[in-house]
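Notes follow the structure.
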Amino acid sequence: MQATKEIKENIFKEFGGKATNTGSTEGQIALFTHRINHISEHLKTNKKDHANTRALLMLVGKRRRLLNYLMRNDLNGYRSLIEKLGIRK
C-alpha cells in the first residue's frame with residue numbers, strides 16, 4: 001500500500017514528535033523505510049521492473065546518508081531509531 005496522507009501523518013507523529021514535523025531526520029528515515037518495504041514487496045512479484053529497482057536503490061542511499069548524519073549528531077537517537085524500525089544488525 002502506498003504511503004497515504006494518514007500513513008505519513010502517523011509516521012511523523014510517531015517518529016518526528018508531531019504530525020507536522022515533516023523535516024525531522026527520524027521521521028524522514030521512517031518514511032523512507034516504509035517506502036523501501038513497499039517497493040521491496042512489489043519487486044518480489046515483479047522482478048523485471050527495473051525502474052522501481054533503481055528507485056529502491058536511490059531510496060536506500062538517501063536513507064543511508066540520513067542515518068549517517070543522525071549517527072554523527074545523535075548516537076543515542078540513532079540506536080533507538082534503528083531498534084524501533086528493525087533495520088541494521
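Naming scheme: A, B, ... for chains in displayed order of the C-alpha cells; residues 1 onward per chain; ligands 1 onward as shown.
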
Practice prompt. Identify, with DSSP run on backbone atoms, the residues in chain A assigned to alpha helix (DSSP H), and express the list as a ChimeraX atom specification.
Written response: /A:5-16,25-45,50-73,75-85

Give me the residues within 8 Å of segment 81-89 of chain A as a PDB file with all heavy atoms, in the first residue's frame, counting only C-alpha atoms and dropping any in the same chain fewer than 3 places off.
```pdb
ATOM      1  N   GLU A  26      14.490  11.726  11.954  1.00  0.00           N
ATOM      2  CA  GLU A  26      13.920  10.434  12.329  1.00  0.00           C
ATOM      3  C   GLU A  26      12.653  10.137  11.531  1.00  0.00           C
ATOM      4  O   GLU A  26      12.439   9.010  11.081  1.00  0.00           O
ATOM      5  CB  GLU A  26      13.606  10.392  13.827  1.00  0.00           C
ATOM      6  CG  GLU A  26      14.827  10.440  14.716  1.00  0.00           C
ATOM      7  CD  GLU A  26      15.259  11.868  15.060  1.00  0.00           C
ATOM      8  OE1 GLU A  26      14.683  12.821  14.482  1.00  0.00           O
ATOM      9  OE2 GLU A  26      16.159  12.016  15.878  1.00  0.00           O
ATOM     10  N   ALA A  30      12.060   7.081   8.833  1.00  0.00           N
ATOM     11  CA  ALA A  30      10.940   6.159   8.989  1.00  0.00           C
ATOM     12  C   ALA A  30      10.085   6.115   7.722  1.00  0.00           C
ATOM     13  O   ALA A  30       9.642   5.041   7.305  1.00  0.00           O
ATOM     14  CB  ALA A  30      10.095   6.561  10.192  1.00  0.00           C
ATOM     15  N   THR A  33      11.918   4.164   5.121  1.00  0.00           N
ATOM     16  CA  THR A  33      11.860   2.740   5.445  1.00  0.00           C
ATOM     17  C   THR A  33      10.512   2.164   5.022  1.00  0.00           C
ATOM     18  O   THR A  33      10.452   1.058   4.462  1.00  0.00           O
ATOM     19  CB  THR A  33      12.092   2.521   6.946  1.00  0.00           C
ATOM     20  OG1 THR A  33      13.371   3.062   7.287  1.00  0.00           O
ATOM     21  CG2 THR A  33      12.060   1.050   7.296  1.00  0.00           C
ATOM     22  N   GLY A  77      19.926   8.591  19.722  1.00  0.00           N
ATOM     23  CA  GLY A  77      18.745   8.648  18.866  1.00  0.00           C
ATOM     24  C   GLY A  77      18.851   7.684  17.698  1.00  0.00           C
ATOM     25  O   GLY A  77      17.872   7.041  17.313  1.00  0.00           O
ATOM     26  N   TYR A  78      20.058   7.580  17.142  1.00  0.00           N
ATOM     27  CA  TYR A  78      20.317   6.639  16.042  1.00  0.00           C
ATOM     28  C   TYR A  78      20.066   5.208  16.493  1.00  0.00           C
ATOM     29  O   TYR A  78      19.366   4.444  15.816  1.00  0.00           O
ATOM     30  CB  TYR A  78      21.761   6.813  15.562  1.00  0.00           C
ATOM     31  CG  TYR A  78      22.265   5.723  14.655  1.00  0.00           C
ATOM     32  CD1 TYR A  78      21.932   5.716  13.306  1.00  0.00           C
ATOM     33  CD2 TYR A  78      23.089   4.712  15.133  1.00  0.00           C
ATOM     34  CE1 TYR A  78      22.397   4.727  12.463  1.00  0.00           C
ATOM     35  CE2 TYR A  78      23.559   3.718  14.307  1.00  0.00           C
ATOM     36  CZ  TYR A  78      23.212   3.730  12.972  1.00  0.00           C
ATOM     37  OH  TYR A  78      23.677   2.739  12.141  1.00  0.00           O
TER      38      TYR A  78
END
```

Practice prompt. Report the distance between atom CA of Phe15 of chain A and atom CA of Ile39 of chain A in Å, rounded to one decimal place.
Written response: 20.9 Å

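Here atom CA of Lys13 of chain A and atom CA of Asn52 of chain A stand 27.6 Å from one another.
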
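Minimum distance to His34 of chain A across A:Arg79, A:Asp74, A:Asn10, A:Arg65 (counting only C-alpha atoms) occurs at A:Asn10.
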
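Around Thr22 of chain A, within 9 Å and counting only C-alpha atoms, the residues found are Lys8, Glu9, Phe12, Gly16, Lys18, Ala19, Thr25, Gly27 and Gln28 of chain A, once anything fewer than 3 positions away on its own chain is removed.
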
Using N, CA and C atoms, can you export the residues from the last selection as a PDB file, in the first residue's frame?
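Produced file selection.pdb, reproduced below:
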```pdb
ATOM      1  N   LYS A   8       1.416   8.836   6.406  1.00  0.00           N
ATOM      2  CA  LYS A   8       2.526   9.770   6.608  1.00  0.00           C
ATOM      3  C   LYS A   8       2.375  10.526   7.919  1.00  0.00           C
ATOM      4  N   GLU A   9       1.152  10.971   8.212  1.00  0.00           N
ATOM      5  CA  GLU A   9       0.927  11.684   9.467  1.00  0.00           C
ATOM      6  C   GLU A   9       1.233  10.791  10.662  1.00  0.00           C
ATOM      7  N   PHE A  12       5.088  10.418  10.975  1.00  0.00           N
ATOM      8  CA  PHE A  12       5.737  11.610  11.518  1.00  0.00           C
ATOM      9  C   PHE A  12       5.324  11.863  12.962  1.00  0.00           C
ATOM     10  N   GLY A  16       8.614  11.708  14.503  1.00  0.00           N
ATOM     11  CA  GLY A  16       9.048  13.088  14.415  1.00  0.00           C
ATOM     12  C   GLY A  16       8.573  13.960  15.549  1.00  0.00           C
ATOM     13  N   LYS A  18       5.610  15.454  16.151  1.00  0.00           N
ATOM     14  CA  LYS A  18       4.289  15.954  15.763  1.00  0.00           C
ATOM     15  C   LYS A  18       4.023  15.536  14.325  1.00  0.00           C
ATOM     16  N   ALA A  19       2.749  15.524  13.949  1.00  0.00           N
ATOM     17  CA  ALA A  19       2.389  15.147  12.575  1.00  0.00           C
ATOM     18  C   ALA A  19       2.866  16.186  11.573  1.00  0.00           C
ATOM     19  N   THR A  25      14.736  14.358  11.023  1.00  0.00           N
ATOM     20  CA  THR A  25      15.538  13.298  10.436  1.00  0.00           C
ATOM     21  C   THR A  25      14.936  11.933  10.731  1.00  0.00           C
ATOM     22  N   GLY A  27      11.812  11.140  11.349  1.00  0.00           N
ATOM     23  CA  GLY A  27      10.590  10.964  10.586  1.00  0.00           C
ATOM     24  C   GLY A  27      10.859  10.650   9.123  1.00  0.00           C
ATOM     25  N   GLN A  28      11.841  11.333   8.545  1.00  0.00           N
ATOM     26  CA  GLN A  28      12.180  11.076   7.148  1.00  0.00           C
ATOM     27  C   GLN A  28      12.744   9.675   6.977  1.00  0.00           C
TER      28      GLN A  28
END
```

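Note that the spacing between atom CA of His42 of chain A and atom CA of Gln2 of chain A amounts to 10.7 Å.
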